[in-house]
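Engineer: Just work_32.cif, nothing more (mmCIF, C-alpha atoms):
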```cif
data_start
loop_
_atom_site.group_PDB
_atom_site.id
_atom_site.type_symbol
_atom_site.label_atom_id
_atom_site.label_comp_id
_atom_site.auth_asym_id
_atom_site.auth_seq_id
_atom_site.Cartn_x
_atom_site.Cartn_y
_atom_site.Cartn_z
ATOM 1 C CA ALA M 481 11.584 -3.278 -20.616
ATOM 2 C CA ALA M 482 14.362 -5.758 -19.855
ATOM 3 C CA ALA M 483 17.823 -6.679 -21.045
ATOM 4 C CA SER M 484 19.279 -10.146 -21.487
ATOM 5 C CA TYR M 485 22.664 -10.942 -19.998
ATOM 6 C CA GLU M 486 24.094 -10.979 -23.524
ATOM 7 C CA ALA M 487 22.785 -7.458 -24.229
ATOM 8 C CA ARG M 488 24.015 -6.171 -20.875
ATOM 9 C CA LYS M 489 27.585 -6.889 -22.013
ATOM 10 C CA PHE M 490 27.053 -4.061 -24.537
ATOM 11 C CA GLY M 491 25.765 -1.633 -21.901
ATOM 12 C CA VAL M 492 22.073 -2.274 -22.553
ATOM 13 C CA LYS M 493 20.062 -1.851 -19.349
ATOM 14 C CA SER M 494 16.544 -2.514 -18.190
ATOM 15 C CA ALA M 495 14.152 0.347 -19.073
ATOM 16 C CA MET M 496 16.717 1.946 -21.412
ATOM 17 C CA SER M 497 15.231 3.594 -24.492
ATOM 18 C CA SER M 498 15.191 1.299 -27.522
ATOM 19 C CA VAL M 499 17.048 3.883 -29.600
ATOM 20 C CA LEU M 500 19.937 4.018 -27.141
ATOM 21 C CA ALA M 501 19.916 0.240 -26.659
ATOM 22 C CA LYS M 502 20.132 -0.316 -30.446
ATOM 23 C CA ARG M 503 22.970 2.223 -30.645
ATOM 24 C CA ASN M 504 24.900 0.306 -27.958
ATOM 25 C CA CYS M 505 24.145 -3.076 -29.510
ATOM 26 C CA PRO M 506 23.404 -2.879 -33.260
ATOM 27 C CA ASP M 507 22.555 -6.611 -33.456
ATOM 28 C CA LEU M 508 19.988 -6.300 -30.682
ATOM 29 C CA ILE M 509 16.780 -8.291 -31.162
ATOM 30 C CA PHE M 510 13.543 -6.886 -29.773
ATOM 31 C CA VAL M 511 11.014 -9.446 -28.549
ATOM 32 C CA LYS M 512 7.331 -8.556 -28.537
ATOM 33 C CA PRO M 513 5.919 -8.515 -24.972
ATOM 34 C CA ARG M 514 3.278 -11.043 -23.913
ATOM 35 C CA PHE M 515 1.412 -9.096 -21.228
ATOM 36 C CA GLU M 516 -1.447 -11.583 -20.903
ATOM 37 C CA ARG M 517 1.057 -14.368 -20.203
ATOM 38 C CA TYR M 518 2.920 -12.174 -17.690
ATOM 39 C CA ARG M 519 -0.356 -11.408 -15.918
ATOM 40 C CA GLU M 520 -1.273 -15.118 -15.842
ATOM 41 C CA ILE M 521 2.035 -16.091 -14.236
ATOM 42 C CA SER M 522 1.838 -13.120 -11.859
ATOM 43 C CA ASN M 523 -1.582 -14.304 -10.682
ATOM 44 C CA ARG M 524 -0.210 -17.811 -10.057
ATOM 45 C CA ILE M 525 2.623 -16.375 -7.985
ATOM 46 C CA ARG M 526 0.272 -14.114 -6.016
ATOM 47 C CA ALA M 527 -1.920 -17.123 -5.253
ATOM 48 C CA ILE M 528 1.150 -18.741 -3.679
ATOM 49 C CA PHE M 529 1.738 -15.610 -1.569
ATOM 50 C CA PHE M 530 -1.847 -15.730 -0.309
ATOM 51 C CA GLU M 531 -1.305 -19.324 0.857
ATOM 52 C CA TYR M 532 0.980 -17.813 3.511
ATOM 53 C CA THR M 533 -0.630 -14.478 4.403
ATOM 54 C CA ASP M 534 -3.467 -12.162 3.472
ATOM 55 C CA LEU M 535 -1.105 -9.220 4.015
ATOM 56 C CA VAL M 536 0.280 -8.989 0.478
ATOM 57 C CA GLU M 537 1.161 -5.606 -1.017
ATOM 58 C CA PRO M 538 1.861 -5.998 -4.749
ATOM 59 C CA LEU M 539 4.382 -3.582 -6.268
ATOM 60 C CA SER M 540 4.356 -4.782 -9.878
ATOM 61 C CA LEU M 541 3.711 -7.943 -11.873
ATOM 62 C CA ASP M 542 6.684 -9.673 -10.257
ATOM 63 C CA GLU M 543 7.208 -7.996 -6.888
ATOM 64 C CA ALA M 544 5.303 -7.792 -3.619
ATOM 65 C CA TYR M 545 5.765 -7.225 0.084
ATOM 66 C CA LEU M 546 4.412 -9.944 2.395
ATOM 67 C CA ASP M 547 3.886 -9.556 6.132
ATOM 68 C CA VAL M 548 4.410 -13.071 7.492
ATOM 69 C CA THR M 549 4.680 -12.058 11.158
ATOM 70 C CA GLU M 550 1.534 -14.076 11.818
ATOM 71 C CA ASN M 551 1.155 -16.411 8.846
ATOM 72 C CA LYS M 552 -1.298 -19.098 7.766
ATOM 73 C CA LYS M 553 1.316 -21.841 8.093
ATOM 74 C CA GLY M 554 2.178 -21.045 11.700
ATOM 75 C CA ASN M 555 5.839 -20.938 10.732
ATOM 76 C CA PRO M 556 7.839 -18.603 13.005
ATOM 77 C CA SER M 557 10.741 -18.238 10.540
ATOM 78 C CA ALA M 558 10.499 -15.664 7.747
ATOM 79 C CA THR M 559 13.635 -17.197 6.239
ATOM 80 C CA LEU M 560 12.040 -20.641 6.000
ATOM 81 C CA ILE M 561 8.822 -19.166 4.620
ATOM 82 C CA ALA M 562 10.790 -17.319 1.935
ATOM 83 C CA ARG M 563 12.588 -20.545 1.005
ATOM 84 C CA GLU M 564 9.264 -22.413 0.791
ATOM 85 C CA ILE M 565 7.704 -19.707 -1.369
ATOM 86 C CA ARG M 566 10.697 -19.664 -3.718
ATOM 87 C CA GLU M 567 10.567 -23.464 -4.049
ATOM 88 C CA LYS M 568 6.820 -23.406 -4.699
ATOM 89 C CA ILE M 569 7.192 -20.704 -7.368
ATOM 90 C CA LYS M 570 9.859 -22.803 -9.093
ATOM 91 C CA GLU M 571 7.694 -25.929 -8.876
ATOM 92 C CA LYS M 572 4.475 -24.252 -10.129
ATOM 93 C CA THR M 573 5.910 -21.907 -12.776
ATOM 94 C CA GLY M 574 9.432 -23.068 -13.590
ATOM 95 C CA LEU M 575 10.720 -19.602 -12.680
ATOM 96 C CA ASN M 576 13.430 -18.707 -10.197
ATOM 97 C CA ALA M 577 12.492 -16.169 -7.542
ATOM 98 C CA SER M 578 14.433 -14.103 -5.049
ATOM 99 C CA ALA M 579 13.274 -13.023 -1.624
ATOM 100 C CA GLY M 580 14.468 -10.421 0.820
ATOM 101 C CA ILE M 581 13.769 -10.770 4.527
#
```
Would you mind writing the file's structure down as structure tokens?
Structural biologist:
Amino acid sequence: AAASYEARKFGVKSAMSSVLAKRNCPDLIFVKPRFERYREISNRIRAIFFEYTDLVEPLSLDEAYLDVTENKKGNPSATLIAREIREKIKEKTGLNASAGI
């Protein structure tokens, strides 16, 4: 599902088959997924999104489109909203987030 930076040095990529990944990196360690935990964190992050707008289109557990043209904070700057959301995600979950405007 994902590849650490260490594994990427051996040509292992996200969504690569495990057989091919192990061939590229024989010392590769597979970590069992924790889907319930991922879903829990995803829900926390989505709650943050909904603090800014009801126009949230989720793409996956960790991605979504937000229309902040008219937002709940009355902030006219999408750039500042993105910065606020990223800071709030870091504060509430400890995770870094990226945002495209």
Engineer: For the structure shown, which residues end up in the PyMOL selection byres ((chain M and resi 493-505) around 6)? Put them as a PyMOL selection string, please?
Structural biologist: chain M and resi 481-483+490+492+506-508
Engineer: Need the shell around range 512-519 of chain M: protein/DNA/RNA residues with any atom at most 12 Å away, counting only C-alpha atoms. Skip same-chain ones fewer than 4 positions apart. Format as a ChimeraX atom specification?
Structural biologist: /M:481-482,523-526,540-542,573,575
Engineer: Of the candidates M:Ser557, M:Ser522, M:Thr533, M:Thr549, which shows the shortest atom-to-atom distance to Ala577 in chain M, using all atoms listed in the file?
Structural biologist: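 Using all atoms listed in the file, Ala577 in chain M sits closest to M:Ser522.
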Engineer: Which residue gives the smallest distance to Glu543 in chain M among M:Ala579, M:Arg566, M:Lys572, M:Glu531, with only C-alpha atoms counted?
Structural biologist: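 With only C-alpha atoms as the atom set, the closest residue is M:Ala579.
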Engineer: Just how far from CA of Ser484 in chain M is CA of Ile528 in chain M, in Å to one decimal?
Structural biologist: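 Result for CA of Ile528 in chain M versus CA of Ser484 in chain M: 26.8 Å, one decimal.
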Engineer: Determine the residue set returned by the PyMOL selection byres ((chain M and resi 580) around 9) for the present structure, and present it as a count of residues only.
Structural biologist: 5
Engineer: Using 5 Å of padding on each side, determine the axis-aligned box around all atoms of range 522-529 of chain M present in the file and give its centre and edge lengths in Å to one decimal, as JSON.
Structural biologist:
```
{"center_x": 0.4, "center_y": -15.9, "center_z": -6.7, "size_x": 14.5, "size_y": 15.6, "size_z": 20.3}
```
Engineer: To one decimal place, how far is CA of Gly574 in chain M from CA of Val536 in chain M in Å?
Structural biologist: 21.9 Å
Engineer: How many Å lie between CA of Ile521 in chain M and CA of Gly491 in chain M, rounded to one decimal?
Structural biologist: 28.8 Å
Engineer: Lys552 in chain M: which residues within 12 Å, counting only C-alpha atoms, same-chain residues fewer than 2 positions away excluded, as a list of chain:residue names?
Structural biologist: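 The filter keeps M:Ile528, M:Phe529, M:Phe530, M:Glu531, M:Tyr532, M:Thr533, M:Asp534, M:Leu535, M:Asp547, M:Val548, M:Thr549, M:Glu550, M:Gly554, M:Asn555, M:Pro556, M:Ile561.
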Engineer: Would you list the contacts of Glu537 in chain M as a ChimeraX atom specification, taking every protein, DNA or RNA residue within 7 Å and counting all atoms listed in the file, but skipping same-chain residues closer than 4 positions in sequence?
Structural biologist: /M:544-546
